[in-house]
Structures are given as structure tokens and as C-alpha cells.
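Trainee: The structure is given below, and queries will be raised subsequently.
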Amino acid sequence: MQQFLQQLINGLSIGAIYALIAVGYTMVYGVLRLINFAHGDVYMIGAMTGFYAATRWFHLAQPTWLGFFFVLICSMLVCGCLGFFIEMFAYRPLRNQPRIVSLITAIAVSMLLEFGGQAKWMFGPDPKPFPDLIPGVELHPDLLHMGDVVIGKVDTLIFAVTIAMMFALRYIVRETKMGLALRAVSYRFDTASLMGVNVNRVISFTFVLGSVMAATAGVLVGLRSPKVDPLMGLLPGLKAFIAAVLGGIGNIGGAVAGGLLLGITEAMVVSYVPRGSQYRDGVAFLVLIAILVVKPSGLFGRAAIDKV
Amino acid sequence: MQSDSSPPVRATWLWFVHNLPVPIIVIAVVLVGRALEFSDRPGPYVMHVAMIAAINVILAVSLQLINGVSGQFSLGHAGFMAVGAYLGGYATYTFGPWNYDPNADYPDPRQLFANPGGALACFVALAVVAAIGFGLVTALILVIRSLRRIFPALPLIVIAMLVVWVVIDARAAANSPNIPSACIWSRGAIGLVNLYSSIILHSQSGALALSGILPYSWRKPATLLVAIFGGGAAAAVAGLVVGIPTLRLRGDYLAIATLGFAEIIRNVIVTIPALGAATGLSINVYWTKPSPPDHIYEAFYISPWIFGTAALTFVLVRRLAHSPLGNAIKTVRDDEIAAAAMGIDPTRHRVIAFVTGAFLAGVAGALYVHLDGYLNTNSFSFMRSIEIVVMVTLGGMESLAGAAIAAVALTAIPELLDNAERFLPGALAAQAHWMSDNRFVIYAFLLLVIMITRAKLKSAFWRSPGRKPQSIGHK
């Protein structure tokens, strides 16, 4: 039982990261029907920016809350701009083209970010050690002890930040005018523009929002695992996409649920299946196949009906 | 409508006229390849690149069949190639030698490719075991689906219980040296593996007799043929396994499902120790290594096979695309409901296209493994699938020749970038060095630029006939 609870907590922490990235995927799919393969690499850029911000720009000798906050804001700014420019230069010219063209362009952008990040004049291929940004973690990493179950401070912070971002996103999507425009565009592209919504601006806003989430995920994962490298966005990006599909792609709450569920499943498989750590990455794809065969519209998605 | 609706009396002459170009083209390509090989001009490196390009042509043409002709967006093509490569290589290497010794680490390279019967026995054994395994799984699935009548949520509950049972079973089996008799799933799995081994063992003498029938000089080509067809058939079975559950998925969902299947195939291959596990499969294809080094005439026996198969694949797929079956597949792509109303079964035609494409990808994989002799699952990653998809898209979704040309071009361009120093004059040596260092970035950037400008050029200069495909932003 102790192991089960411990793995549950681990899974929630992993799943929170997936949820943050999955939200970006699902929002872009909702408005554009485009699978933005470059999103995982925006997450990588967020982690890298956090690294450079913490070590080079702010010269944080001691971890402080203010330092962490600034690193986060810096990372969000950079990734927001990156998302904005990717949309403007790579996806906007291809809006009238068949979907496969946009998909391949998304993959080209992803390759550009990955290989560009590995170049000597950018980040370089070797992993970088992400510094400690949270005060008090190094000596006392655990927040709570319940018997054998340990809840770490970093995990709690990740979960808390994720919840906070989700509430902020929910507020934006439900209460603000831009959020209303976003929902309108994802429901009916053409009619929204007839109703006076500036579709280009809404799409840019969607990309920026998704990229900000991904940047947060990047900084948080840097706190959790010691090394960040230019290829770190490939697998989590794919898994976050699977999480978005699991929850129903186009549905923001579904993406969060899918991310958490996928994280928990991964933790459970690693601990309970014999030689499970070998199947750690394969389990995500098995979940994908399972959900596509059983319920392709996802757990919370609406089934799209083909009309003649 | 086909032009040979003439009465059968004149059909024989017409049949020859229609079909003679096929062997002529294939033989012409093979002869040209051989001539280039024997002359000293291109050199072994260029010939190697040319053969990789030919394999990419097979892959691009088979993906064009799935993506362009049948309209199913598949991102998992490298998975089928992997199946063909690993199984073809495994059959040749383990069962190809004249003396099959299950305990030997490395078969005697001089006796490789001497036992086509053995390779055939390997595939037959695999087919039997796969048939039994799939039959059981299908029966299980059908039983579970029929439970839906009793209670709508019952299948999900049963599946959850089954998953938990299998995990407990696996854990109990892994924890004890002798598998307890209660672990039926583990015992069943091990029983299947034992069945495979015993079929192989018992068929060896028959296989040797079969190989003995063939004259000595025919045995190498026969083994290669068995490996190629066997690898292709295995990939076709994999295509069936992938294609049937994903039948009702469309567009993006199908793309990610095929992507997921390809990754699962890759993960499964890594866990099998007989196929080399994580270190990769290494087979000794000594006939492709020059020995002694200046005898390039002995070096590339594989080249007529590769060029010939590429030409044959292109011609056959083109004929398929313009045949009545191809027209039916295109109709299903364009308007599924109208096709069904006309009596064309969409399911059947989609599966046919998918399985044929998978078969050809398996053939390409089997050729690939005999070219280089070393396999690593990294060569069949998602990136590989994407490269093939890019070849098809850049070549034009409607055109087979375009896909083939794009395949050759996209194989050549990274090589050119790699050797940029040789082509640019000495004054630009530093720039050439930079280019070859950053060739991946340049490739990605070029791809991006080409995708964006191609779209603009195409819409500016050419109106494509027929229905406009669905674009992003529209439902």
C-alpha cells in the first residue's frame, strides 16, 4: 500500500508536467486542427532558457523565491515570443494548404529547434546541469512523511504551480473576452471571423498561451531532474500529445486529466510490471493505441460525426 | 475504363504490348546499375549512396500508395521496414548457413546463404506461431465484444480485470525459477516460443533436403529471395495488425495511431534477445564487403537485386494505381460514402492498400539489412518515417514519379552537404566545413523553406483539378 501511494505521488508529479505541455497541444489543435509537433521543443527551449537565466543572466548564487520567479517569467517571455514567431512564419502562410503540409512544417520546425539547439554556437549537445532554484530543497528535500510515503518539496511545488496555471487558464478561457474568442474560433473558424473576431490575433494568442505553459513545464522539470539537453523535448512532447489525445483532443480539462492519468499509469507500470522500466516509454504508446481503438474521441471528447 | 475491353481473341497480343515494358524496364535498370558498378567512375561510396537511394525509392513509392492513392495518412512506415529488416536478416543469418547449429554464436560466413530451405522453415514456423497467437487474441477480443450485449460497460471492466490478471501472472512467473502451473498466461507465452523452436528443430532435415534439390549456384539467390519475401510477408502481417483496428480512424487520429504502432514495434524488437536486443542485429553479409579491397567487382552483388526491385516496385505500383483496383482505392479516398453507394467496399480497399504498402516496406527493409549487414533500432525511428513522408509530400501527393525523384534527391542532398568540402572550391573551405558540421540544421531549415515556398508557388501557378484537400482551420 505504501508503495502504491508513493507511486501515485510520483505519477502525479510526472503527470503534472505532461498536463502542462498537453494543454498547449490541445489548444492549438482546438483552433487550428493542427498537431504542433514543435511544442515539445518549445518546452525544451523553456528549460534551456531557465538554465541560462539562472546561471548566466541573473547569477543566482543562492536559491531564492524571487530568483525562481524571475527565471520563470524570463522563460515564459522567451517561449511566448518563440511560439508567436513560429506561428507567424511557419504556420500562417500554410493555412490554406492541406493538413499534411502543415504537419510536415511542424516537424521541420521541431527538427530545426532540436538540431539548432545541438549546434556548437547554440546550446551544444551535452546536457547542462540545472541549478537549484528553490530555497531549502538541498538540505531538506522532503515536505511530508506519512509512514514510508515521502512527499518531496519539489513535487509539491510542481503540482501547486500546475494547479495555479490551470486555474489561471480556466479564468482566461471562461471569463475574458479573448477566451470567448478562443472558444468561438475553436468551434467554428469561419463563422467566428464573420462575427468580428480577429482570427489571426486569436490564433497568435493561443500559441503564446500554450508556449507559456510549456515554458513553465520546462523550468519545473529542470527543478526535478538534474540535466537538461537539446533533445529532451522529443519524448515528453510525444507523451504529452498522447495525454491530450487520451483526454480528448480539443478539450482543455481533458488534457489535464489525460496528463495526470498518463503520469500515474507510467509510474504504476514502472513499479509493478516485471522489468517495467524497459517498457516505460512503450506504455504511453500502448495507452494511445488502447484509447484510439476503444474511444478515439478521448475520455472527455465529443465524437465527431461524419455528415454526408 | 480499361482499354482492353476487346474480345479475348486479340487479347494475347495486346497483353504482351501492355506488359512487355515491365521486364524491359527492370532489366534495363539492372544493367545500367551493373555497368556503373563495373566502371571505376562512380566508386563504391557513390554506389552505396545510390543503393540507399533505391531503397528509399521503394519506401517512398509504397508510402505513396498508402498516403496518396489510398488517402490514409500513415506516420509509421519505418515500423514495417523494421519488421522486414529484422526478420529477413534473422532468417538469413541464423538459418541460412548450410549447417544449422543452434548453439553456435556466429555461423560460418562461407556457408551463409546456402540453405534457402532453412530460411523458409523459419518463416513457416513464425507463420504457424503467429497464426495461433493471433487466433487466440482475436477469439478473446470477439468474446469480450460480445459481452457488450449483456451490459454496456462490461467489456471495459473485463479488460481491466484481464490486465490486472496478466500483470499478476507475469510477476509471479518472474519471481520464481519454475513457473507455477497457475500462471496460464506466462505458460502459454512460453509454450508458443517452445512450439516455434521445436518446429524449427524438426524441420531442419527437411529444409536441408529442399535446399539440396537446388543446384549450388542457385542457393544464394534463393535464400535472398526467401528472406525478401518472408520479410515482406511479415511486414504485411504487421500491416494487417495495424490496419484493422485503425480502420475507423481518419486523418490525424490515423497518423498518430500508426506512429504509436511503429514505436511499439520498435520497443518490442528491442526486447527480443534473438534479434540483438539493444546492441543491434549484426549479420555477416560478406558478399558485400570487398575482399580483397580493390576487387569492387565482388563487392556489390546485392546491387542488381536492389535496383531491380526498385524498378519493379515502381512499375508495379504505378500499374496498380491505374488499374481497376487502383481506381477503386482512389474512389474510396475521394468520397467514401459515394464509393460504398457504388458497391465498392471501403474497408476492404483501404486494407488492401495498407497491407500492400506494408509489404513493400518490408521488402525494402530486407534489402536494407543485406546491404549494410548491421541493424540498430535507431535506424527505424520516427525520424525515418518522417523522412519518407517528406519524400512523398515534396514529390507531390498525386504523383508516383515525383515521390521517386524526391526520394533520390532527399537521399543525395544530405550526402552532398556532408561532403561539401569536395564540391566547393578551396577558398570556401571554411564555409564548406561549417555546412557539413551543421548539416542537420541546414536540412531542417531547407525543408521549412521548401514547404512554405512550395505551397505559395503551387497556389500561384497551378490549379489542381478535383477536390481541394482539407486544410487546417476548417472542420
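All residue names refer to the C-alpha cells as shown: chains lettered A, B, ... in order, residues numbered from 1 in each chain, ligands numbered from 1 in order.
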Once you count only C-alpha atoms, which residues of chain A turn out to be within 8 Å of chain B? Could you give them as an NGL selection string?
Mentor: :A and (31-35 or 90 or 93-102 or 104-105 or 108-109 or 111-112 or 115-116 or 119 or 188-190 or 272-274 or 279 or 282 or 285-286 or 288-289 or 292-293 or 296 or 308)
Trainee: For the residues selected in the previous step, produce a file with N, CA and C atoms as a compact mmCIF listing (two decimals), in the first residue's frame.
Mentor:
# COMPACT_ATOMS: atom_id res chain seq x y z
N VAL A 31 -8.06 25.15 -32.09
CA VAL A 31 -8.32 26.26 -33.00
C VAL A 31 -7.90 25.95 -34.43
N LEU A 32 -6.81 25.19 -34.61
CA LEU A 32 -6.28 25.05 -35.97
C LEU A 32 -6.41 23.65 -36.53
N ARG A 33 -6.80 22.68 -35.72
CA ARG A 33 -6.80 21.28 -36.14
C ARG A 33 -5.40 20.86 -36.58
N LEU A 34 -4.39 21.41 -35.94
CA LEU A 34 -3.01 21.11 -36.30
C LEU A 34 -2.31 20.48 -35.11
N ILE A 35 -1.61 19.37 -35.35
CA ILE A 35 -0.80 18.78 -34.29
C ILE A 35 0.55 19.47 -34.32
N ALA A 90 5.85 30.09 -39.77
CA ALA A 90 5.77 28.72 -40.29
C ALA A 90 4.35 28.26 -40.58
N PRO A 93 1.49 31.08 -43.25
CA PRO A 93 1.44 31.04 -44.71
C PRO A 93 0.78 29.78 -45.26
N LEU A 94 0.66 28.75 -44.40
CA LEU A 94 0.18 27.48 -44.93
C LEU A 94 -1.24 27.19 -44.50
N ARG A 95 -1.99 28.24 -44.17
CA ARG A 95 -3.29 27.96 -43.61
C ARG A 95 -4.26 27.41 -44.62
N ASN A 96 -4.04 27.66 -45.90
CA ASN A 96 -4.96 27.14 -46.91
C ASN A 96 -4.46 25.87 -47.55
N GLN A 97 -3.37 25.33 -47.05
CA GLN A 97 -2.81 24.13 -47.66
C GLN A 97 -3.37 22.89 -46.99
N PRO A 98 -3.20 21.73 -47.64
CA PRO A 98 -3.65 20.50 -46.99
C PRO A 98 -2.96 20.30 -45.65
N ARG A 99 -3.61 19.56 -44.79
CA ARG A 99 -3.13 19.42 -43.42
C ARG A 99 -1.75 18.80 -43.35
N ILE A 100 -1.46 17.91 -44.30
CA ILE A 100 -0.19 17.20 -44.20
C ILE A 100 0.98 18.16 -44.37
N VAL A 101 0.75 19.23 -45.16
CA VAL A 101 1.82 20.20 -45.37
C VAL A 101 2.14 20.90 -44.05
N SER A 102 1.10 21.29 -43.31
CA SER A 102 1.34 21.94 -42.02
C SER A 102 2.00 20.98 -41.05
N ILE A 104 4.02 18.50 -41.75
CA ILE A 104 5.44 18.35 -42.06
C ILE A 104 6.20 19.60 -41.69
N THR A 105 5.57 20.77 -41.87
CA THR A 105 6.23 22.01 -41.46
C THR A 105 6.45 22.03 -39.96
N ALA A 108 9.33 20.02 -39.34
CA ALA A 108 10.55 20.71 -39.75
C ALA A 108 10.97 21.73 -38.70
N VAL A 109 10.01 22.46 -38.15
CA VAL A 109 10.33 23.41 -37.08
C VAL A 109 10.91 22.67 -35.88
N MET A 111 12.51 19.83 -35.90
CA MET A 111 13.88 19.41 -36.22
C MET A 111 14.84 20.58 -36.13
N LEU A 112 14.37 21.74 -36.63
CA LEU A 112 15.21 22.93 -36.60
C LEU A 112 15.59 23.29 -35.18
N PHE A 115 18.00 20.31 -33.74
CA PHE A 115 19.36 20.29 -34.28
C PHE A 115 20.03 21.62 -34.08
N GLY A 116 19.26 22.71 -34.17
CA GLY A 116 19.84 24.02 -33.89
C GLY A 116 20.31 24.10 -32.46
N ALA A 119 23.66 22.53 -32.01
CA ALA A 119 24.82 23.11 -32.70
C ALA A 119 25.74 23.76 -31.67
N ARG A 188 -16.08 27.26 -34.51
CA ARG A 188 -16.31 27.49 -35.93
C ARG A 188 -15.37 28.58 -36.40
N PHE A 189 -14.41 28.17 -37.20
CA PHE A 189 -13.37 29.08 -37.66
C PHE A 189 -13.96 30.23 -38.48
N ASP A 190 -14.72 29.88 -39.50
CA ASP A 190 -15.18 30.90 -40.45
C ASP A 190 -16.23 31.81 -39.82
N TYR A 272 5.21 -1.86 -10.97
CA TYR A 272 4.53 -3.14 -10.73
C TYR A 272 4.79 -4.19 -11.79
N VAL A 273 5.04 -3.81 -13.04
CA VAL A 273 5.26 -4.81 -14.08
C VAL A 273 6.72 -5.26 -14.00
N PRO A 274 6.97 -6.59 -14.06
CA PRO A 274 8.38 -7.02 -14.00
C PRO A 274 9.16 -6.47 -15.18
N TYR A 279 9.76 -0.80 -20.28
CA TYR A 279 8.55 -0.51 -21.05
C TYR A 279 8.02 0.88 -20.75
N GLY A 282 7.20 2.62 -23.85
CA GLY A 282 6.23 1.90 -24.67
C GLY A 282 4.83 1.97 -24.11
N PHE A 285 2.59 4.57 -25.59
CA PHE A 285 2.05 4.25 -26.91
C PHE A 285 0.96 3.19 -26.83
N LEU A 286 1.11 2.26 -25.87
CA LEU A 286 0.05 1.27 -25.68
C LEU A 286 -1.24 1.96 -25.26
N LEU A 288 -2.05 4.95 -25.98
CA LEU A 288 -2.56 5.63 -27.18
C LEU A 288 -3.36 4.69 -28.05
N ILE A 289 -2.79 3.52 -28.32
CA ILE A 289 -3.49 2.56 -29.17
C ILE A 289 -4.81 2.15 -28.51
N LEU A 292 -7.35 4.87 -28.80
CA LEU A 292 -7.81 5.09 -30.17
C LEU A 292 -8.70 3.96 -30.64
N VAL A 293 -8.45 2.76 -30.12
CA VAL A 293 -9.28 1.64 -30.56
C VAL A 293 -10.61 1.66 -29.82
N PRO A 296 -11.94 6.75 -29.72
CA PRO A 296 -10.98 7.66 -30.37
C PRO A 296 -11.17 9.11 -29.98
N VAL A 308 -22.88 13.50 -44.41
CA VAL A 308 -22.73 13.29 -45.85
C VAL A 308 -22.63 14.65 -46.53
Trainee: Need to verify the contact set: A:Val221, 10 Å, only C-alpha atoms, exclusion of same-chain residues closer than 2 positions in sequence. Can you return it as a list in words?
Mentor: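 With the cut-off at 10 Å, the set is Ser13, Ile14, Ala16, Ile17, Tyr43, Met44, Gly46, Ala47, Phe130, Val154, Asp155, Ile158, Ala215, Thr216, Ala217, Gly218, Val219, Leu223, Arg224, Ser225, Pro226, Lys227 and Val228 of chain A.
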Trainee: Would you export the selected residues with N, CA and C atoms as a PDB file, in the first residue's frame, please?
Mentor:
ATOM      1  N   SER A  13       3.241  13.867 -10.032  1.00  0.00           N
ATOM      2  CA  SER A  13       4.267  14.861 -10.347  1.00  0.00           C
ATOM      3  C   SER A  13       4.653  14.784 -11.814  1.00  0.00           C
ATOM      4  N   ILE A  14       4.908  13.566 -12.307  1.00  0.00           N
ATOM      5  CA  ILE A  14       5.228  13.415 -13.733  1.00  0.00           C
ATOM      6  C   ILE A  14       4.058  13.893 -14.576  1.00  0.00           C
ATOM      7  N   ALA A  16       1.778  16.029 -13.936  1.00  0.00           N
ATOM      8  CA  ALA A  16       1.562  17.468 -13.978  1.00  0.00           C
ATOM      9  C   ALA A  16       2.356  18.103 -15.106  1.00  0.00           C
ATOM     10  N   ILE A  17       3.578  17.624 -15.301  1.00  0.00           N
ATOM     11  CA  ILE A  17       4.398  18.139 -16.403  1.00  0.00           C
ATOM     12  C   ILE A  17       3.734  17.834 -17.739  1.00  0.00           C
ATOM     13  N   TYR A  43       9.033  23.483 -25.105  1.00  0.00           N
ATOM     14  CA  TYR A  43       9.259  23.085 -23.709  1.00  0.00           C
ATOM     15  C   TYR A  43      10.748  22.966 -23.423  1.00  0.00           C
ATOM     16  N   MET A  44      11.487  22.398 -24.378  1.00  0.00           N
ATOM     17  CA  MET A  44      12.939  22.284 -24.212  1.00  0.00           C
ATOM     18  C   MET A  44      13.579  23.662 -24.150  1.00  0.00           C
ATOM     19  N   GLY A  46      12.204  26.302 -23.136  1.00  0.00           N
ATOM     20  CA  GLY A  46      11.875  26.868 -21.830  1.00  0.00           C
ATOM     21  C   GLY A  46      12.859  26.404 -20.773  1.00  0.00           C
ATOM     22  N   ALA A  47      13.170  25.089 -20.787  1.00  0.00           N
ATOM     23  CA  ALA A  47      14.118  24.575 -19.803  1.00  0.00           C
ATOM     24  C   ALA A  47      15.499  25.177 -20.008  1.00  0.00           C
ATOM     25  N   PHE A 130      20.968  21.657 -14.400  1.00  0.00           N
ATOM     26  CA  PHE A 130      20.029  22.706 -13.997  1.00  0.00           C
ATOM     27  C   PHE A 130      20.249  23.020 -12.523  1.00  0.00           C
ATOM     28  N   VAL A 154       9.831  19.564  -4.010  1.00  0.00           N
ATOM     29  CA  VAL A 154       9.822  19.893  -5.441  1.00  0.00           C
ATOM     30  C   VAL A 154       8.548  19.379  -6.090  1.00  0.00           C
ATOM     31  N   ASP A 155       8.176  18.137  -5.716  1.00  0.00           N
ATOM     32  CA  ASP A 155       6.951  17.578  -6.300  1.00  0.00           C
ATOM     33  C   ASP A 155       5.736  18.416  -5.936  1.00  0.00           C
ATOM     34  N   ILE A 158       5.756  21.554  -7.984  1.00  0.00           N
ATOM     35  CA  ILE A 158       5.336  21.308  -9.367  1.00  0.00           C
ATOM     36  C   ILE A 158       3.830  21.208  -9.435  1.00  0.00           C
ATOM     37  N   ALA A 215       6.745  26.565 -21.256  1.00  0.00           N
ATOM     38  CA  ALA A 215       7.924  27.119 -20.600  1.00  0.00           C
ATOM     39  C   ALA A 215       7.907  26.810 -19.108  1.00  0.00           C
ATOM     40  N   THR A 216       6.713  26.963 -18.498  1.00  0.00           N
ATOM     41  CA  THR A 216       6.591  26.619 -17.084  1.00  0.00           C
ATOM     42  C   THR A 216       6.985  25.167 -16.843  1.00  0.00           C
ATOM     43  N   ALA A 217       6.466  24.296 -17.720  1.00  0.00           N
ATOM     44  CA  ALA A 217       6.783  22.877 -17.583  1.00  0.00           C
ATOM     45  C   ALA A 217       8.279  22.658 -17.684  1.00  0.00           C
ATOM     46  N   GLY A 218       8.936  23.389 -18.595  1.00  0.00           N
ATOM     47  CA  GLY A 218      10.367  23.215 -18.768  1.00  0.00           C
ATOM     48  C   GLY A 218      11.148  23.590 -17.522  1.00  0.00           C
ATOM     49  N   VAL A 219      10.806  24.746 -16.941  1.00  0.00           N
ATOM     50  CA  VAL A 219      11.519  25.166 -15.728  1.00  0.00           C
ATOM     51  C   VAL A 219      11.260  24.198 -14.587  1.00  0.00           C
ATOM     52  N   LEU A 223      13.838  21.659 -12.308  1.00  0.00           N
ATOM     53  CA  LEU A 223      13.995  21.519 -10.870  1.00  0.00           C
ATOM     54  C   LEU A 223      14.027  20.068 -10.450  1.00  0.00           C
ATOM     55  N   ARG A 224      13.248  19.254 -11.200  1.00  0.00           N
ATOM     56  CA  ARG A 224      13.057  17.886 -10.770  1.00  0.00           C
ATOM     57  C   ARG A 224      14.214  16.986 -11.169  1.00  0.00           C
ATOM     58  N   SER A 225      14.644  17.101 -12.417  1.00  0.00           N
ATOM     59  CA  SER A 225      15.712  16.217 -12.892  1.00  0.00           C
ATOM     60  C   SER A 225      16.933  17.078 -13.191  1.00  0.00           C
ATOM     61  N   PRO A 226      18.121  16.556 -12.914  1.00  0.00           N
ATOM     62  CA  PRO A 226      19.282  17.430 -12.898  1.00  0.00           C
ATOM     63  C   PRO A 226      19.757  17.903 -14.255  1.00  0.00           C
ATOM     64  N   LYS A 227      19.436  17.157 -15.330  1.00  0.00           N
ATOM     65  CA  LYS A 227      20.074  17.511 -16.585  1.00  0.00           C
ATOM     66  C   LYS A 227      19.072  17.952 -17.641  1.00  0.00           C
ATOM     67  N   VAL A 228      19.427  19.009 -18.352  1.00  0.00           N
ATOM     68  CA  VAL A 228      18.615  19.436 -19.483  1.00  0.00           C
ATOM     69  C   VAL A 228      19.501  19.441 -20.727  1.00  0.00           C
TER      70      VAL A 228
END
Trainee: Looking at only C-alpha atoms, which of A:Leu5, A:Leu246, A:Cys74, A:Ala267 is the one that sits closest to A:Asp148?
Mentor: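 Once distances to A:Asp148 are computed over only C-alpha atoms, the minimum belongs to A:Leu5.
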Trainee: What is the distance between atom CA of B:Ile272 and atom CA of B:Ala125, in Å to one decimal?
Mentor: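 The value is 16.8 Å.
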Trainee: Enumerate as an MDAnalysis selection string all residues of stretch 104-288 of chain A assigned to alpha helix (DSSP H) by DSSP on the backbone, naming them with the chain letters and numbers the document uses.
Mentor: chainID A and resid 104:118 153:175 177:187 189:194 199:224 234:247 252:272 280:288
Trainee: Provide the atom CA of B:Ile24 to atom CA of B:Gly68 distance in Å, to one decimal place.
Mentor: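 Going from atom CA of B:Ile24 over to atom CA of B:Gly68 covers 26.8 Å.
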Trainee: What's the 9 Å shell around B:Ile228, counting only C-alpha atoms, without same-chain residues fewer than 4 positions away, as a compact mmCIF listing (two decimals) with N, CA and C atoms, in the first residue's frame?
Mentor:
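Written out: result_37.txt:
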# COMPACT_ATOMS: atom_id res chain seq x y z
N GLY B 84 10.46 -6.04 -41.61
CA GLY B 84 11.06 -6.75 -42.74
C GLY B 84 12.56 -6.91 -42.58
N ALA B 85 13.21 -5.86 -42.07
CA ALA B 85 14.66 -5.90 -41.95
C ALA B 85 15.09 -6.93 -40.91
N GLY B 88 14.03 -10.57 -41.96
CA GLY B 88 14.80 -11.02 -43.10
C GLY B 88 16.24 -11.30 -42.73
N THR B 223 18.09 -18.02 -51.22
CA THR B 223 17.99 -17.59 -49.82
C THR B 223 17.61 -16.13 -49.73
N LEU B 224 18.23 -15.33 -50.60
CA LEU B 224 17.91 -13.90 -50.57
C LEU B 224 16.44 -13.69 -50.92
N GLY B 232 8.93 -9.28 -46.30
CA GLY B 232 7.78 -8.55 -46.80
C GLY B 232 6.47 -9.10 -46.26
N ALA B 233 6.37 -10.45 -46.25
CA ALA B 233 5.14 -11.06 -45.74
C ALA B 233 4.93 -10.74 -44.27
N GLY B 362 8.42 -3.79 -46.08
CA GLY B 362 9.17 -4.93 -45.55
C GLY B 362 10.23 -5.40 -46.53
N VAL B 363 9.87 -5.41 -47.81
CA VAL B 363 10.85 -5.80 -48.84
C VAL B 363 12.04 -4.84 -48.81
N ALA B 364 11.71 -3.54 -48.71
CA ALA B 364 12.79 -2.55 -48.64
C ALA B 364 13.67 -2.78 -47.43
N GLY B 365 13.05 -3.11 -46.30
CA GLY B 365 13.82 -3.37 -45.09
C GLY B 365 14.72 -4.58 -45.25
N ALA B 366 14.19 -5.66 -45.86
CA ALA B 366 15.01 -6.87 -46.04
C ALA B 366 16.20 -6.56 -46.94
N LEU B 367 15.98 -5.76 -47.99
CA LEU B 367 17.11 -5.37 -48.86
C LEU B 367 18.12 -4.54 -48.09
Trainee: Name the residues in contact with A:Phe207 at a cut-off of 7 Å, using only C-alpha atoms, excluding same-chain residues fewer than 6 positions from it; report them as a PDB file with N, CA and C atoms, in the first residue's frame.
Mentor:
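Generated file (result-v1.pdb):
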ATOM      1  N   VAL A  28      -3.959  24.358 -29.411  1.00  0.00           N
ATOM      2  CA  VAL A  28      -3.636  24.616 -30.815  1.00  0.00           C
ATOM      3  C   VAL A  28      -4.464  23.716 -31.722  1.00  0.00           C
ATOM      4  N   GLY A  83       6.815  31.028 -29.597  1.00  0.00           N
ATOM      5  CA  GLY A  83       5.560  30.492 -30.112  1.00  0.00           C
ATOM      6  C   GLY A  83       4.909  31.440 -31.105  1.00  0.00           C
ATOM      7  N   PHE A  84       4.943  32.725 -30.767  1.00  0.00           N
ATOM      8  CA  PHE A  84       4.354  33.725 -31.642  1.00  0.00           C
ATOM      9  C   PHE A  84       5.038  33.722 -33.006  1.00  0.00           C
TER      10      PHE A  84
END
